[in-house]
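Structure record follows, encoded as structure tokens.
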Amino acid sequence: MRINKQIIPASEHTITPEAISDNALKVLHRLKQAGYQAFLVGGGVRDLLLKKQPKDFDVATNACPDEVKALFRNCRLIGRRFRLAHILYGRDVIEVATFRGPHEPELADSLGAHNQQGRILRDNVYGSLEEDAIRRDFTVNALYYNIEDGSIVDFTGGIEDLQQQTLRMIGDAATRYREDPVRMLRAVRFAAKLNFTMEQQTGSLIFEMGHLLSSIPVARLFDESIKLLQGGYGLRCFELQREYQMFDLLFPMTEESIAEQPETLELIRQALINTDERIAAGKTVNPAFLLAVLLYKPMLEYKGAFVHRGMHEIEALLNAGREVIARQQAYTSIPRRYALIMREIWHMQPQLQHPTRKRALRTLQNKRFRAGYDFLLLRQLTGEEHLQTVCQWWTEIQTKDPGTQQQWCDNLAHGGKKRGKRRNRRRQKMTNRPAPSIE
């Protein structure tokens with residue numbers, strides 16, 4: 001790759017030290033005072049230039065991880081594939097990475113290594129600032145802010161791409177995707193987050209090389225999926241994933257359900273819209289809820305198959321939940337704590353749809369009630385209009401005091417008592433019948 005180094009002086013850009021977090025400044029200054037190079041790099045620089053609030057601040061330095069740890073008592077070293085230093089200030093974490101260098105054949109199997117397909121297995125080869133820039137993924141993420149004079153160092157044309165709102169892979173895109181196929185997911189995520197257009201090769205090769213994601217550990221794919229769908233721009237990420245034919249590589253059962261049942265798409269879209277709105281409002285989101293939405297229709301298909309074999313509805317629901325989650329684990333892992341919540345949300349749907357005197361108040365007090373109730377509202381909003389009456393009932397009962405809630409639940413018993421009386425009369429008649437003759 002041709003290098004065209006540019007230095008943009010502080011007078012020609014908008015980043016100031018005041019815009020950088022105090023903790024990041026502490027790390028930068030201490031590294032500088034110790035005689036090391038230290039630059040703010042990555043998304044923090046990119047977002048500040050775009051006049052956005054960075055989610056975090058990362059630092060690049062020529063100090064190796066052990067040297068960083070010696071400078072900071074609040075440091076911990078993480079990772080084997082990519083060794084990093086995390087400087088901890090309460091909940092604020094400043095990530096410090098040593099400049100990466102090119103992989104040389106004599107270093108294979110020690111500091112850096114690739115597999116036969118070209119994927120990086122180890123990447124602890126250190127280099128210079130210029131070599132580090134070339135090793136990064138996208139040009140807009142390879143901008144370095146120098147705390148010493150406030151200048152920005154650009155080796156890859158990132159400033160120009162930032163101005164043109166273009167997402168471009170550094171170097172040969174095919175080689176970079178083979179080194180780490182997750183970069184394709186990152187390309188989708190950044191294109192959605194920044195509302196940038198992918199450069200032609202960066203985007204087109206995703207169609208050809210998406211299958212390489214099958215070589216990535218499912219735990220890492222789960223983490224990347226959550227970043228895509230719960231980063232505040234989930235709907236756009238979902239649309240781009242489907243546009244680049246990547247969604248079916250991560251959630252094949254869901255994609256199949258979308259093809260067969262168009263209402264599945266609307267359910268997912270509305271859930272993502274709600275998630276993006278909650279994140280924008282500073283509210284919390286639980287990955288389990290969105291995963292329950294993504295796998296709900298596939299779960300119903302399995303449930304139908306179990307019922308067709310003669311299984312009871314509730315037993316079929318429980319077995320279908322376990323089955324669909326187990327099958328999804330082959331593509332993206334689902335931690336047990338989320339799988340449990342997903343099954344609870346699904347299991348609560350029949351209870352919410354058909355409240356009874358005995359179960360209604362208990363359902364209302366369930367710790368997963370709110371998630372189950374929100375799921376029911378989402379279903380009603382996206383096509384299941386027959387749920388409108390019961391959704392309104394659950395909405396109104398939440399506004400009542402405990403005594404009134406009990407009365408509302410008791411009122412459900414009238415029809416139940418009548419049905420119960422009829423059932424008891426039938427049983428009484430059966431009991432009073434004479435025993436059949438055995439002669």
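Letters for chains follow the order of the structure tokens (A, B, ...), residue numbers begin at 1 for each chain, and ligand numbers begin at 1 in the order shown.
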
Subject >> stretch 122-299 of chain A: residues DSSP assigns to alpha helix (DSSP H), reported as a ChimeraX atom specification >> reply: /A:129-135,158-164,173-179,182-194,200-209,218-229,234-243,247-250,252-260,263-280,287-294,296-299

Per residue of stretch 258-315 of chain A within 10 Å of stretch 364-385 of chain A, note the shortest atom pair and the distance in Å to one decimal, counting only C-alpha atoms, and order the rows by chain and increasing residue number, as a Markdown table.
```
| residue | atom | partner | partner_atom | distance |
| --- | --- | --- | --- | --- |
| A:Glu263 | CA | A:Gly383 | CA | 6.9 |
| A:Thr264 | CA | A:Thr382 | CA | 8.7 |
| A:Leu265 | CA | A:Thr382 | CA | 9.3 |
| A:Glu266 | CA | A:Thr382 | CA | 6.1 |
| A:Leu267 | CA | A:Thr382 | CA | 5.5 |
| A:Ile268 | CA | A:Thr382 | CA | 9.2 |
| A:Arg269 | CA | A:Thr382 | CA | 9.3 |
| A:Gln270 | CA | A:Leu378 | CA | 7.4 |
| A:Ala271 | CA | A:Leu378 | CA | 7.2 |
| A:Asn274 | CA | A:Leu378 | CA | 9.4 |
| A:Asn286 | CA | A:Ala371 | CA | 9.4 |
| A:Ala288 | CA | A:Ala371 | CA | 9.5 |
| A:Phe289 | CA | A:Ala371 | CA | 7.0 |
| A:Leu290 | CA | A:Phe375 | CA | 9.6 |
| A:Ala292 | CA | A:Phe375 | CA | 8.8 |
| A:Val293 | CA | A:Phe375 | CA | 7.9 |
```

Subject >> Counting only C-alpha atoms, the option among A:Glu131, A:Glu301, A:Asp22, A:Glu160 closest to A:Val93 >> reply: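 Using only C-alpha atoms, A:Val93 sits closest to A:Asp22.
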
Subject >> All residues 9 Å or closer to stretch 231-234 of chain A, only C-alpha atoms, same chain fewer than 5 positions away omitted, as a list in words >> reply: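 Selected residues are Arg189, Ala192, Lys193, Ile226, Glu239, Leu272, Ile273, Thr275, Asp276, Glu277, Arg278, Ile279 and Ala280 of chain A.
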
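The two atoms in question, atom CA of A:Phe155 and atom CA of A:Asp172, are spaced 15.6 Å apart.
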
**OP:** For A:Ala305, work out the shell of residues within 9 Å, counting only C-alpha atoms and skipping chain neighbours fewer than 4 positions away, then give it as a ChimeraX atom specification.
**Re:** /A:300-301,309,316,320

Can you write just those residues out, N, CA and C atoms, as an mmCIF file, in the first residue's frame?
```
data_model
loop_
_atom_site.group_PDB
_atom_site.id
_atom_site.type_symbol
_atom_site.label_atom_id
_atom_site.label_comp_id
_atom_site.auth_asym_id
_atom_site.auth_seq_id
_atom_site.Cartn_x
_atom_site.Cartn_y
_atom_site.Cartn_z
ATOM 1 N N LEU A 300 -41.946 -21.099 17.188
ATOM 2 C CA LEU A 300 -43.340 -21.487 16.955
ATOM 3 C C LEU A 300 -43.439 -22.618 15.936
ATOM 4 N N GLU A 301 -42.555 -22.600 14.949
ATOM 5 C CA GLU A 301 -42.567 -23.673 13.950
ATOM 6 C C GLU A 301 -42.216 -25.017 14.591
ATOM 7 N N ARG A 309 -47.218 -33.987 16.597
ATOM 8 C CA ARG A 309 -46.866 -35.345 16.999
ATOM 9 C C ARG A 309 -47.666 -35.808 18.211
ATOM 10 N N ALA A 316 -44.908 -28.767 24.440
ATOM 11 C CA ALA A 316 -44.360 -28.473 23.107
ATOM 12 C C ALA A 316 -43.639 -27.132 23.106
ATOM 13 N N ALA A 320 -39.767 -26.776 22.282
ATOM 14 C CA ALA A 320 -39.423 -25.973 21.103
ATOM 15 C C ALA A 320 -38.419 -24.888 21.475
#
```

**OP:** Using only C-alpha atoms, determine which residues lie at most 7 Å from A:Arg168, disregarding the query and same-chain residues fewer than 4 positions distant; provide the list as an MDAnalysis selection string.
**Re:** chainID A and resid 138:139 198:199 202

**OP:** Could you give me, as a list in words, the residues within 10 Å of A:Ile170, counting only C-alpha atoms and dropping anything in the same chain fewer than 4 positions from it?
**Re:**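 Returned residues: Met1, Ala133, Ile134, Arg135, Arg136, Asp137, Phe138, Thr139, Val140, Asn141, Ala142, Thr156, Gly157, Gly158, Arg176 and Thr202 of chain A.
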
Keeping only N, CA, C and O atoms, write the selected residues to a file as a tab-separated table (two decimals), in the first residue's frame.
```tsv
chain	number	residue	atom	x	y	z
A	1	MET	N	0.85	-1.20	0.00
A	1	MET	CA	0.00	0.00	0.00
A	1	MET	C	0.88	1.24	0.00
A	1	MET	O	1.86	1.32	0.73
A	133	ALA	N	-0.43	2.00	11.59
A	133	ALA	CA	-1.52	2.58	10.79
A	133	ALA	C	-1.93	1.64	9.67
A	133	ALA	O	-3.13	1.45	9.40
A	134	ILE	N	-0.95	1.03	9.02
A	134	ILE	CA	-1.25	0.12	7.90
A	134	ILE	C	-1.94	-1.13	8.39
A	134	ILE	O	-2.75	-1.73	7.67
A	135	ARG	N	-1.70	-1.54	9.64
A	135	ARG	CA	-2.30	-2.75	10.17
A	135	ARG	C	-3.75	-2.56	10.62
A	135	ARG	O	-4.45	-3.53	10.89
A	136	ARG	N	-4.22	-1.31	10.72
A	136	ARG	CA	-5.59	-1.08	11.16
A	136	ARG	C	-6.56	-1.40	10.04
A	136	ARG	O	-6.17	-1.60	8.89
A	137	ASP	N	-7.87	-1.45	10.39
A	137	ASP	CA	-8.83	-1.94	9.41
A	137	ASP	C	-9.28	-0.88	8.40
A	137	ASP	O	-9.07	-1.02	7.21
A	138	PHE	N	-9.88	0.22	8.86
A	138	PHE	CA	-10.45	1.21	7.95
A	138	PHE	C	-9.68	2.53	8.07
A	138	PHE	O	-9.18	2.89	9.15
A	139	THR	N	-9.63	3.25	6.97
A	139	THR	CA	-8.85	4.49	6.94
A	139	THR	C	-9.34	5.49	7.98
A	139	THR	O	-8.54	6.20	8.59
A	140	VAL	N	-10.65	5.57	8.20
A	140	VAL	CA	-11.18	6.56	9.14
A	140	VAL	C	-10.89	6.17	10.59
A	140	VAL	O	-11.09	6.98	11.50
A	141	ASN	N	-10.43	4.93	10.80
A	141	ASN	CA	-10.05	4.49	12.14
A	141	ASN	C	-8.54	4.55	12.35
A	141	ASN	O	-8.05	4.11	13.40
A	142	ALA	N	-7.80	5.05	11.37
A	142	ALA	CA	-6.34	5.08	11.45
A	142	ALA	C	-5.84	6.52	11.52
A	142	ALA	O	-4.85	6.87	10.88
A	156	THR	N	-3.11	7.08	5.79
A	156	THR	CA	-3.89	6.26	4.85
A	156	THR	C	-5.01	7.01	4.11
A	156	THR	O	-5.83	6.39	3.45
A	157	GLY	N	-5.05	8.31	4.22
A	157	GLY	CA	-6.10	9.08	3.55
A	157	GLY	C	-7.40	9.08	4.32
A	157	GLY	O	-8.48	9.29	3.74
A	158	GLY	N	-7.33	8.87	5.63
A	158	GLY	CA	-8.55	8.82	6.44
A	158	GLY	C	-9.29	10.13	6.50
A	158	GLY	O	-10.53	10.15	6.52
A	176	ARG	N	-7.34	-8.56	3.90
A	176	ARG	CA	-7.71	-8.12	5.25
A	176	ARG	C	-8.91	-8.91	5.77
A	176	ARG	O	-8.99	-9.21	6.97
A	202	THR	N	-14.47	-2.75	-0.79
A	202	THR	CA	-14.76	-3.04	0.61
A	202	THR	C	-16.12	-3.70	0.76
A	202	THR	O	-16.30	-4.64	1.54
```

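In terms of minimum interatomic distance to A:Phe207, A:Met246 ranks closest within A:Met246, A:Ile345, A:Ala187, A:Leu84, counting only C-alpha atoms.
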
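Closest to A:Thr61 among A:Val41, A:Met311, A:Leu143, A:Ala173 is A:Val41, based on only C-alpha atoms.
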
**OP:** Enter the distance from atom CA of A:Asn62 to atom CA of A:His29, in Å, rounded to one decimal.
**Re:**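 Rounded to one decimal, the two atoms are 13.9 Å apart.
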
**OP:** For atom CA of A:Glu95 and atom CA of A:Phe57, quote the distance in Å rounded to one decimal.
**Re:**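 Spanning atom CA of A:Glu95 to atom CA of A:Phe57 is a straight-line distance of 7.3 Å.
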